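entry-v3.cif (mmCIF, C-alpha atoms and all ligand atoms)
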```cif
data_data
loop_
_atom_site.label_atom_id
_atom_site.label_comp_id
_atom_site.auth_asym_id
_atom_site.auth_seq_id
_atom_site.Cartn_x
_atom_site.Cartn_y
_atom_site.Cartn_z
CA MET A 13 88.78 135.80 147.00
CA ASN A 14 85.33 134.88 148.19
CA ASP A 15 85.79 134.97 152.01
CA ASN A 16 82.79 132.83 152.71
CA ILE A 17 84.05 129.40 153.82
CA ARG A 18 81.80 126.63 152.57
CA ASP A 19 81.30 123.33 154.28
CA VAL A 20 81.35 121.46 150.98
CA ILE A 21 82.53 122.31 147.49
CA ILE A 22 81.65 119.75 144.82
CA ILE A 23 83.54 119.80 141.54
CA GLY A 24 81.61 118.15 138.70
CA SER A 25 77.99 117.95 137.64
CA GLY A 26 77.43 114.38 136.48
CA PRO A 27 75.47 111.82 138.53
CA ALA A 28 78.25 111.60 141.17
CA GLY A 29 78.47 115.35 141.76
CA LEU A 30 74.73 115.92 141.65
CA THR A 31 73.97 113.05 144.03
CA ALA A 32 76.61 114.38 146.42
CA ALA A 33 74.87 117.76 146.13
CA ILE A 34 71.41 116.31 146.88
CA TYR A 35 72.71 114.56 149.99
CA THR A 36 74.84 117.40 151.35
CA ALA A 37 72.12 119.97 150.62
CA ARG A 38 69.57 117.86 152.48
CA ALA A 39 72.06 117.66 155.37
CA ASP A 40 71.92 121.49 155.37
CA LEU A 41 75.58 121.83 154.36
CA LYS A 42 74.71 124.37 151.62
CA PRO A 43 77.02 122.89 148.98
CA LEU A 44 78.58 124.89 146.21
CA LEU A 45 78.75 122.88 142.99
CA ILE A 46 81.09 123.87 140.18
CA GLU A 47 79.80 122.77 136.79
CA GLY A 48 82.55 122.26 134.26
CA PRO A 49 82.77 122.66 130.51
CA GLN A 50 80.34 119.77 129.83
CA PRO A 51 77.54 120.29 132.40
CA GLY A 52 75.89 116.97 133.15
CA GLY A 53 78.90 114.96 132.05
CA GLN A 54 78.82 111.84 129.92
CA LEU A 55 75.07 111.30 130.35
CA THR A 56 74.47 114.29 128.13
CA ILE A 57 75.89 112.39 125.15
CA THR A 58 73.82 109.26 125.79
CA THR A 59 70.47 108.66 124.20
CA ASP A 60 68.00 106.47 126.10
CA VAL A 61 69.06 105.24 129.53
CA GLU A 62 67.24 101.97 130.12
CA ASN A 63 69.23 100.61 133.04
CA TYR A 64 68.85 103.38 135.63
CA PRO A 65 66.49 101.91 138.23
CA GLY A 66 63.20 103.71 138.62
CA PHE A 67 62.59 104.43 134.94
CA PRO A 68 60.81 101.37 133.53
CA ASP A 69 60.13 103.16 130.24
CA ALA A 70 63.69 104.55 129.94
CA ILE A 71 64.70 108.17 130.21
CA SER A 72 67.02 110.19 128.01
CA GLY A 73 70.49 110.87 129.45
CA PRO A 74 70.13 114.67 129.33
CA GLU A 75 66.68 114.49 130.98
CA LEU A 76 67.94 112.22 133.76
CA VAL A 77 70.82 114.51 134.62
CA MET A 78 68.64 117.62 134.33
CA ASP A 79 66.19 116.10 136.83
CA MET A 80 69.05 115.33 139.21
CA ARG A 81 70.17 118.95 138.89
CA LYS A 82 66.65 120.23 139.68
CA GLN A 83 66.55 117.96 142.72
CA ALA A 84 69.91 119.30 143.95
CA GLU A 85 68.73 122.87 143.35
CA ARG A 86 65.49 122.30 145.23
CA PHE A 87 67.39 121.57 148.44
CA GLY A 88 69.56 124.68 148.12
CA THR A 89 72.67 123.72 146.14
CA GLU A 90 74.44 126.77 144.77
CA PHE A 91 75.74 126.30 141.21
CA ILE A 92 78.48 128.13 139.39
CA THR A 93 79.70 127.36 135.89
CA GLY A 94 83.35 127.42 135.00
CA GLU A 95 86.45 125.35 134.74
CA VAL A 96 88.57 124.88 137.86
CA THR A 97 91.94 126.38 137.00
CA SER A 98 93.87 125.55 140.18
CA VAL A 99 93.46 123.96 143.60
CA ASP A 100 95.29 124.30 146.88
CA PHE A 101 94.87 121.32 149.19
CA SER A 102 97.86 122.16 151.41
CA ASN A 103 95.76 123.82 154.12
CA GLN A 104 92.23 123.48 155.34
CA PRO A 105 90.03 125.25 154.34
CA PHE A 106 91.02 124.20 150.82
CA THR A 107 91.02 126.70 147.97
CA ILE A 108 89.49 126.13 144.56
CA THR A 109 90.11 128.72 141.86
CA VAL A 110 87.83 129.18 138.87
CA GLY A 111 89.33 131.82 136.59
CA ASP A 112 89.47 135.05 138.61
CA ALA A 113 87.39 133.75 141.51
CA SER A 114 88.54 131.61 144.44
CA TYR A 115 86.37 129.61 146.81
CA LYS A 116 87.22 128.10 150.17
CA GLY A 117 85.80 124.83 151.44
CA ASN A 118 86.27 122.71 154.55
CA THR A 119 85.65 119.62 152.43
CA ILE A 120 85.93 119.01 148.72
CA ILE A 121 84.21 116.30 146.67
CA ILE A 122 85.94 115.64 143.36
CA ALA A 123 83.45 114.29 140.83
CA THR A 124 84.94 115.45 137.55
CA GLY A 125 84.36 112.14 135.77
CA ALA A 126 86.23 110.73 132.84
CA SER A 127 86.03 111.50 129.18
CA ALA A 128 85.77 108.73 126.62
CA ARG A 129 88.50 108.90 124.04
CA TRP A 130 87.25 109.24 120.48
CA ILE A 131 88.88 108.64 117.13
CA GLY A 132 88.50 112.34 116.38
CA ILE A 133 86.93 112.28 112.90
CA GLU A 134 84.05 114.53 111.86
CA SER A 135 81.66 111.68 110.92
CA GLU A 136 82.09 110.19 114.41
CA LYS A 137 80.90 113.45 115.97
CA LYS A 138 77.99 113.82 113.55
CA LEU A 139 76.70 110.28 114.09
CA MET A 140 77.13 110.24 117.87
CA GLY A 141 73.90 108.81 119.30
CA SER A 142 72.80 107.79 115.78
CA GLY A 143 74.76 104.55 115.70
CA VAL A 144 78.04 105.74 117.20
CA SER A 145 78.35 104.95 120.89
CA GLY A 146 80.96 104.80 123.64
CA CYS A 147 79.06 102.42 125.91
CA ALA A 148 77.89 98.91 125.03
CA THR A 149 76.11 98.44 128.36
CA CYS A 150 74.06 101.56 127.65
CA ASP A 151 73.32 101.16 123.96
CA GLY A 152 73.86 97.50 122.98
CA PHE A 153 70.19 96.70 123.35
CA PHE A 154 69.33 98.98 120.41
CA PHE A 155 71.29 96.78 118.01
CA LYS A 156 69.31 93.55 118.13
CA GLY A 157 69.99 91.45 115.04
CA LYS A 158 72.30 94.09 113.55
CA GLU A 159 75.93 94.15 112.46
CA ILE A 160 78.26 96.12 114.69
CA VAL A 161 81.85 97.28 114.71
CA VAL A 162 83.92 97.72 117.88
CA VAL A 163 87.10 99.80 117.71
CA GLY A 164 89.93 99.07 120.16
CA GLY A 165 92.09 96.25 121.45
CA GLY A 166 92.01 96.59 125.23
CA ASP A 167 89.86 94.85 127.84
CA THR A 168 87.01 97.29 127.35
CA ALA A 169 86.83 96.71 123.59
CA LEU A 170 86.86 92.93 123.93
CA GLU A 171 84.45 92.91 126.84
CA GLU A 172 82.09 95.13 124.86
CA ALA A 173 82.46 92.94 121.76
CA ALA A 174 81.57 89.82 123.75
CA PHE A 175 78.66 91.59 125.44
CA LEU A 176 77.33 92.90 122.13
CA THR A 177 77.08 89.39 120.65
CA ARG A 178 74.02 88.98 122.88
CA PHE A 179 72.23 91.39 120.59
CA ALA A 180 74.14 91.73 117.34
CA SER A 181 74.13 89.24 114.48
CA LYS A 182 77.83 89.92 113.91
CA VAL A 183 80.55 91.93 115.68
CA SER A 184 83.76 92.99 113.95
CA VAL A 185 86.59 94.19 116.19
CA ILE A 186 88.90 96.62 114.42
CA HIS A 187 92.30 97.00 116.05
CA ARG A 188 95.24 99.12 114.95
CA ARG A 189 97.89 96.48 115.73
CA ASP A 190 98.28 92.72 115.20
CA GLN A 191 98.00 91.94 118.93
CA PHE A 192 95.47 92.77 121.57
CA ARG A 193 96.37 94.67 124.72
CA ALA A 194 93.56 92.92 126.61
CA SER A 195 94.14 90.13 129.13
CA LYS A 196 94.63 86.61 127.79
CA ALA A 197 91.38 85.42 129.34
CA MET A 198 89.44 88.16 127.58
CA GLN A 199 91.19 87.36 124.30
CA GLU A 200 90.28 83.68 124.60
CA LYS A 201 86.66 84.63 125.17
CA VAL A 202 86.64 86.67 121.98
CA PHE A 203 88.60 84.15 119.87
CA ASN A 204 86.13 81.43 120.89
CA ASN A 205 83.06 83.44 120.01
CA ASN A 206 81.98 82.64 116.46
CA LYS A 207 79.93 85.81 116.17
CA ILE A 208 83.11 87.91 116.48
CA SER A 209 85.57 88.49 113.68
CA ILE A 210 88.78 90.48 114.02
CA ILE A 211 90.25 92.95 111.61
CA TRP A 212 93.93 93.45 112.52
CA ASP A 213 96.29 96.31 111.71
CA SER A 214 93.43 98.57 110.77
CA VAL A 215 91.81 101.84 111.72
CA VAL A 216 88.41 103.35 111.01
CA ASP A 217 89.12 106.10 108.59
CA GLU A 218 85.51 107.22 108.09
CA ILE A 219 82.09 106.35 109.50
CA LEU A 220 79.55 106.18 106.68
CA GLY A 221 75.96 107.37 106.81
CA VAL A 222 76.21 111.08 107.67
CA GLU A 223 73.79 111.94 104.84
CA GLN A 224 71.26 109.35 105.97
CA GLY A 225 71.62 110.51 109.61
CA ARG A 226 72.47 106.97 110.78
CA VAL A 227 75.47 104.67 110.59
CA THR A 228 75.49 102.53 107.44
CA GLY A 229 79.08 101.30 107.54
CA VAL A 230 82.73 102.11 108.12
CA ARG A 231 85.66 102.72 105.83
CA VAL A 232 88.61 100.72 107.11
CA LYS A 233 92.23 101.45 106.37
CA ASN A 234 94.89 98.80 106.75
CA VAL A 235 97.83 100.60 108.35
CA LYS A 236 100.38 98.13 107.00
CA ASN A 237 99.53 98.13 103.29
CA GLY A 238 97.30 101.24 103.06
CA SER A 239 94.41 99.32 101.48
CA ILE A 240 90.90 100.67 102.02
CA THR A 241 87.76 98.54 102.40
CA GLU A 242 84.17 99.31 103.31
CA LEU A 243 82.31 97.28 105.87
CA PRO A 244 78.54 97.65 106.23
CA CYS A 245 77.26 97.94 109.82
CA GLU A 246 74.63 99.79 111.81
CA GLY A 247 76.54 100.46 115.00
CA VAL A 248 80.07 101.59 115.83
CA PHE A 249 81.27 101.24 119.41
CA ILE A 250 84.41 103.19 120.18
CA ALA A 251 86.32 101.56 123.05
CA ILE A 252 89.76 103.09 122.91
CA GLY A 253 89.94 104.04 126.57
CA HIS A 254 88.88 106.81 128.90
CA THR A 255 90.83 109.69 130.33
CA PRO A 256 89.97 110.73 133.89
CA ASN A 257 89.52 114.48 134.23
CA THR A 258 92.24 115.03 136.81
CA LYS A 259 94.75 117.29 135.08
CA VAL A 260 94.13 120.15 137.51
CA PHE A 261 94.67 117.85 140.53
CA ARG A 262 98.04 116.50 139.39
CA GLY A 263 100.63 117.09 142.09
CA HIS A 264 97.93 117.97 144.66
CA ILE A 265 96.40 114.55 145.27
CA ALA A 266 97.45 110.90 144.79
CA LEU A 267 96.62 109.60 141.31
CA ASP A 268 97.34 106.17 139.83
CA ASN A 269 99.41 105.57 136.67
CA HIS A 270 96.37 106.17 134.47
CA GLY A 271 95.47 109.42 136.26
CA TYR A 272 92.53 108.07 138.32
CA VAL A 273 92.15 109.38 141.88
CA ILE A 274 93.34 106.77 144.37
CA LEU A 275 90.79 106.07 147.08
CA LYS A 276 92.26 105.17 150.45
CA ASP A 277 89.19 104.24 152.33
CA ARG A 278 85.70 104.32 150.82
CA THR A 279 85.66 107.75 149.14
CA SER A 280 88.60 109.32 151.01
CA THR A 281 91.65 110.46 149.08
CA ASN A 282 95.13 110.83 150.57
CA ILE A 283 94.18 114.36 151.71
CA ARG A 284 91.92 114.38 154.75
CA GLY A 285 88.74 116.26 153.88
CA VAL A 286 89.07 115.72 150.13
CA PHE A 287 86.81 113.00 148.75
CA ALA A 288 86.26 111.61 145.27
CA ALA A 289 83.31 109.88 143.62
CA GLY A 290 82.29 108.49 140.27
CA ASP A 291 84.31 107.77 137.15
CA VAL A 292 87.19 110.01 138.23
CA ALA A 293 88.05 107.37 140.80
CA ASP A 294 86.55 104.31 139.13
CA PRO A 295 87.96 102.78 135.95
CA HIS A 296 85.95 99.59 136.43
CA TYR A 297 82.19 100.10 136.59
CA ARG A 298 81.68 103.52 134.95
CA GLN A 299 77.89 103.46 135.18
CA ALA A 300 75.57 106.36 136.05
CA ILE A 301 74.11 104.34 138.90
CA THR A 302 77.50 103.45 140.42
CA ALA A 303 78.64 107.07 140.08
CA ALA A 304 75.47 108.25 141.81
CA GLY A 305 76.04 105.66 144.55
CA MET A 306 79.58 106.88 145.10
CA GLY A 307 78.33 110.49 145.15
CA CYS A 308 76.02 109.54 148.00
CA MET A 309 78.87 107.81 149.83
CA ALA A 310 81.17 110.84 149.43
CA ALA A 311 78.44 113.15 150.75
CA ILE A 312 77.96 111.01 153.85
CA ASP A 313 81.74 110.70 154.33
CA ALA A 314 82.11 114.51 154.05
CA GLU A 315 79.26 115.07 156.49
CA ARG A 316 80.81 112.72 159.07
CA PHE A 317 84.22 114.31 158.60
CA LEU A 318 82.70 117.76 159.28
CA GLU A 319 80.90 116.48 162.38
CA LYS A 320 84.26 115.43 163.83
P1 LIG A 401 93.22 100.55 127.26
O1 LIG A 401 93.71 99.36 127.99
O2 LIG A 401 94.00 101.81 127.31
O3 LIG A 401 93.07 100.10 125.73
C1 LIG A 401 92.77 101.01 124.75
C2 LIG A 401 92.82 100.31 123.39
O4 LIG A 401 92.43 101.24 122.38
C3 LIG A 401 94.21 99.80 123.03
O5 LIG A 401 94.12 98.56 122.41
C4 LIG A 401 94.72 100.87 122.08
O6 LIG A 401 95.58 100.35 121.07
C5 LIG A 401 93.46 101.34 121.41
N1 LIG A 401 93.55 102.73 121.00
C6 LIG A 401 93.91 103.81 121.77
N2 LIG A 401 93.83 104.94 121.05
C7 LIG A 401 93.43 104.57 119.81
C8 LIG A 401 93.14 105.30 118.63
N3 LIG A 401 93.26 106.63 118.58
N4 LIG A 401 92.73 104.61 117.54
C9 LIG A 401 92.59 103.27 117.58
N5 LIG A 401 92.83 102.52 118.67
C10 LIG A 401 93.25 103.17 119.78
O7 LIG A 401 91.73 100.98 127.70
P2 LIG A 401 90.52 100.06 128.20
O8 LIG A 401 90.37 98.86 127.35
O9 LIG A 401 89.36 100.99 128.35
O10 LIG A 401 90.97 99.60 129.64
C11 LIG A 401 91.29 100.55 130.67
C12 LIG A 401 91.71 99.81 131.94
O11 LIG A 401 90.58 99.15 132.51
C13 LIG A 401 92.75 98.71 131.66
O12 LIG A 401 93.63 98.66 132.75
C14 LIG A 401 91.92 97.46 131.58
O13 LIG A 401 92.65 96.27 131.89
C15 LIG A 401 90.83 97.75 132.61
N6 LIG A 401 89.60 97.01 132.29
C16 LIG A 401 89.45 95.77 132.86
C17 LIG A 401 88.31 95.04 132.57
C18 LIG A 401 88.14 93.71 133.23
O14 LIG A 401 89.08 93.25 133.84
N7 LIG A 401 86.98 93.10 133.13
C19 LIG A 401 87.34 95.51 131.68
C20 LIG A 401 87.55 96.75 131.11
C21 LIG A 401 88.69 97.48 131.40
P3 LIG A 401 97.06 99.83 121.43
O15 LIG A 401 96.85 98.49 122.06
O16 LIG A 401 97.71 99.77 120.09
O17 LIG A 401 97.65 100.85 122.34
#
```
Starting from the file, lay out its structure as structure tokens.
Amino acid sequence: MNDNIRDVIIIGSGPAGLTAAIYTARADLKPLLIEGPQPGGQLTITTDVENYPGFPDAISGPELVMDMRKQAERFGTEFITGEVTSVDFSNQPFTITVGDASYKGNTIIIATGASARWIGIESEKKLMGSGVSGCATCDGFFFKGKEIVVVGGGDTALEEAAFLTRFASKVSVIHRRDQFRASKAMQEKVFNNNKISIIWDSVVDEILGVEQGRVTGVRVKNVKNGSITELPCEGVFIAIGHTPNTKVFRGHIALDNHGYVILKDRTSTNIRGVFAAGDVADPHYRQAITAAGMGCMAAIDAERFLEK
């Protein structure tokens, strides 16, 4: 046990965690930030970020998050790398355990983000950032006049398909069933868009173009009759949902049915002194800028809580 009681322990090193670190460090709260298994979070698997204000010529995701980290470090954030293995929120100070080491904090900011779900095939991994994307808002712009495939049948998939028609010449939605999960309104929007076609009862079995280093098409398998077809395209957007990274908090803090942290009031959770920011508590916006904004809010909320 590390006896030193910290004012603030931040769990997570994406834009929410790092912004919380910048603010709490500048408030002289000497935050300890625990970087998880994917330091930098989802931004590290994004190519150019063109919608983060302040970068008129775009910035790469890894560079943006690395700069945020440097900024947090400059004001005295202490970083440790490791996966949180257990938490104890029953008494204040709270205890966070990372392997063999435990840390105590008077406040905790949970900023562990969410992980996009992927199909799980090798070609998807190899072509990530070279035509395979998990975020239409981030990457749609790069597909002007091109043919695109969207995988999924929920609100995100249909929203992304509709959004992508602003750029793409054609969008094909590939869904594994013969009915969408998305809301009726979203379905109507897609059915009425003549740039969108729907391929029912089908899954992407392979993404083509690994040898060329860019997506050239997809191999589609009909799950009802087993038939295989190839569809040429230059982009594949995977929109089969996100999983919030909250496994370690289960039973210690209030989570909704999908596992997202429930916010009671601004960034407060149901445990006084434990705050949450970014995608871990936000299934709706999921943008770097909104996560950073929430990180700032959580830092200010933690600071005010400590003052009391
Ligand atoms: P979701 O509702 O969980 O939908 C995921 C979709 O991906 C489902 O259609 C699912 O198929 C499919 N899928 C899951 N795993 C798959 C796999 N391995 N291979 C192929 N397909 C797979 O996730 P979401 O669309 O991201 O939405 C998450 C939440 O945010 C929902 O509550 C949604 O309503 C909400 N949301 C709302 C808005 C809005 O209101 N504007 C926008 C976006 C999201 P099945 O249908 O067969 O299960």
Site check for ligand LIG 401 (chain A): residues at most 10 Å away, all atoms listed in the file, as a count of residues only: 45
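One finds atom CA of Val248 of chain A at 11.3 Å from atom CA of Ser135 of chain A.
Nearest residue to Gly125 of chain A among A:Ser280, A:Thr149, A:Asn257, A:Asn206 is A:Asn257, counting all atoms listed in the file.
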Residue among A:Ala266, A:Trp212, A:Gly111, A:Cys147 lying closest to Asn237 of chain A, counting only C-alpha atoms: A:Trp212
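Between atom CA of Ala28 of chain A and atom CA of Ala303 of chain A the interatomic distance comes to 4.7 Å.
Within the 9 Å cut-off around Ala174 of chain A, using all atoms listed in the file and omitting residues fewer than 5 positions from it on the same chain, the listed residues are Ala169, Val183, Met198, Lys201, Val202, Asn205, Lys207 and Ile208 of chain A.
The two atoms in question, atom CA of Gly305 of chain A and atom CA of Ala32 of chain A, are spaced 8.9 Å apart.
Within 8 Å of Phe249 of chain A, once all atoms listed in the file are used and residues closer than 5 positions along the same chain are dropped, the contacting residues are Val144, Ser145, Gly146, Cys147, Ala148, Ile160, Val161, Val162 and Val163 of chain A.
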Generate the missing atoms of segment 287-307 of chain A up to N, CA, C and O atoms and report them as a CSV table (one decimal), in the frame of the given file.
```
chain,number,residue,atom,x,y,z
A,287,PHE,N,87.4,114.3,149.1
A,287,PHE,CA,86.8,113.0,148.8
A,287,PHE,C,86.7,112.9,147.2
A,287,PHE,O,86.7,114.0,146.5
A,288,ALA,N,86.5,111.7,146.7
A,288,ALA,CA,86.3,111.6,145.3
A,288,ALA,C,85.2,110.6,145.0
A,288,ALA,O,85.0,109.6,145.8
A,289,ALA,N,84.4,110.8,143.9
A,289,ALA,CA,83.3,109.9,143.6
A,289,ALA,C,83.1,109.8,142.1
A,289,ALA,O,83.4,110.8,141.4
A,290,GLY,N,82.6,108.7,141.7
A,290,GLY,CA,82.3,108.5,140.3
A,290,GLY,C,83.5,108.1,139.4
A,290,GLY,O,84.5,107.6,139.9
A,291,ASP,N,83.3,108.3,138.1
A,291,ASP,CA,84.3,107.8,137.2
A,291,ASP,C,85.7,108.3,137.4
A,291,ASP,O,86.7,107.7,136.9
A,292,VAL,N,85.9,109.5,138.0
A,292,VAL,CA,87.2,110.0,138.2
A,292,VAL,C,88.0,109.1,139.1
A,292,VAL,O,89.3,109.1,139.1
A,293,ALA,N,87.4,108.3,139.9
A,293,ALA,CA,88.0,107.4,140.8
A,293,ALA,C,87.7,105.9,140.5
A,293,ALA,O,88.0,105.0,141.3
A,294,ASP,N,87.1,105.7,139.4
A,294,ASP,CA,86.6,104.3,139.1
A,294,ASP,C,86.7,103.9,137.7
A,294,ASP,O,85.9,104.2,136.8
A,295,PRO,N,87.8,103.2,137.3
A,295,PRO,CA,88.0,102.8,136.0
A,295,PRO,C,87.2,101.5,135.6
A,295,PRO,O,87.1,101.1,134.5
A,296,HIS,N,86.5,100.9,136.6
A,296,HIS,CA,86.0,99.6,136.4
A,296,HIS,C,84.5,99.6,136.0
A,296,HIS,O,84.1,98.9,135.1
A,297,TYR,N,83.6,100.2,136.8
A,297,TYR,CA,82.2,100.1,136.6
A,297,TYR,C,81.6,101.2,135.6
A,297,TYR,O,80.9,100.8,134.7
A,298,ARG,N,82.0,102.4,135.9
A,298,ARG,CA,81.7,103.5,135.0
A,298,ARG,C,80.2,103.6,134.5
A,298,ARG,O,79.9,103.8,133.4
A,299,GLN,N,79.3,103.4,135.5
A,299,GLN,CA,77.9,103.5,135.2
A,299,GLN,C,77.3,104.7,135.9
A,299,GLN,O,77.8,105.0,137.0
A,300,ALA,N,76.2,105.2,135.4
A,300,ALA,CA,75.6,106.4,136.0
A,300,ALA,C,75.1,106.0,137.5
A,300,ALA,O,75.3,106.7,138.4
A,301,ILE,N,74.6,104.8,137.6
A,301,ILE,CA,74.1,104.3,138.9
A,301,ILE,C,75.2,104.1,139.9
A,301,ILE,O,75.1,104.5,141.1
A,302,THR,N,76.4,103.6,139.5
A,302,THR,CA,77.5,103.4,140.4
A,302,THR,C,78.1,104.8,140.8
A,302,THR,O,78.5,105.0,141.9
A,303,ALA,N,78.1,105.7,139.8
A,303,ALA,CA,78.6,107.1,140.1
A,303,ALA,C,77.7,107.8,141.1
A,303,ALA,O,78.2,108.4,142.1
A,304,ALA,N,76.4,107.6,140.9
A,304,ALA,CA,75.5,108.2,141.8
A,304,ALA,C,75.7,107.6,143.2
A,304,ALA,O,75.7,108.4,144.2
A,305,GLY,N,75.8,106.3,143.3
A,305,GLY,CA,76.0,105.7,144.6
A,305,GLY,C,77.3,106.2,145.3
A,305,GLY,O,77.3,106.5,146.5
A,306,MET,N,78.3,106.4,144.5
A,306,MET,CA,79.6,106.9,145.1
A,306,MET,C,79.4,108.3,145.5
A,306,MET,O,80.0,108.8,146.5
A,307,GLY,N,78.6,109.1,144.8
A,307,GLY,CA,78.3,110.5,145.2
A,307,GLY,C,77.6,110.5,146.5
A,307,GLY,O,78.0,111.4,147.4
```
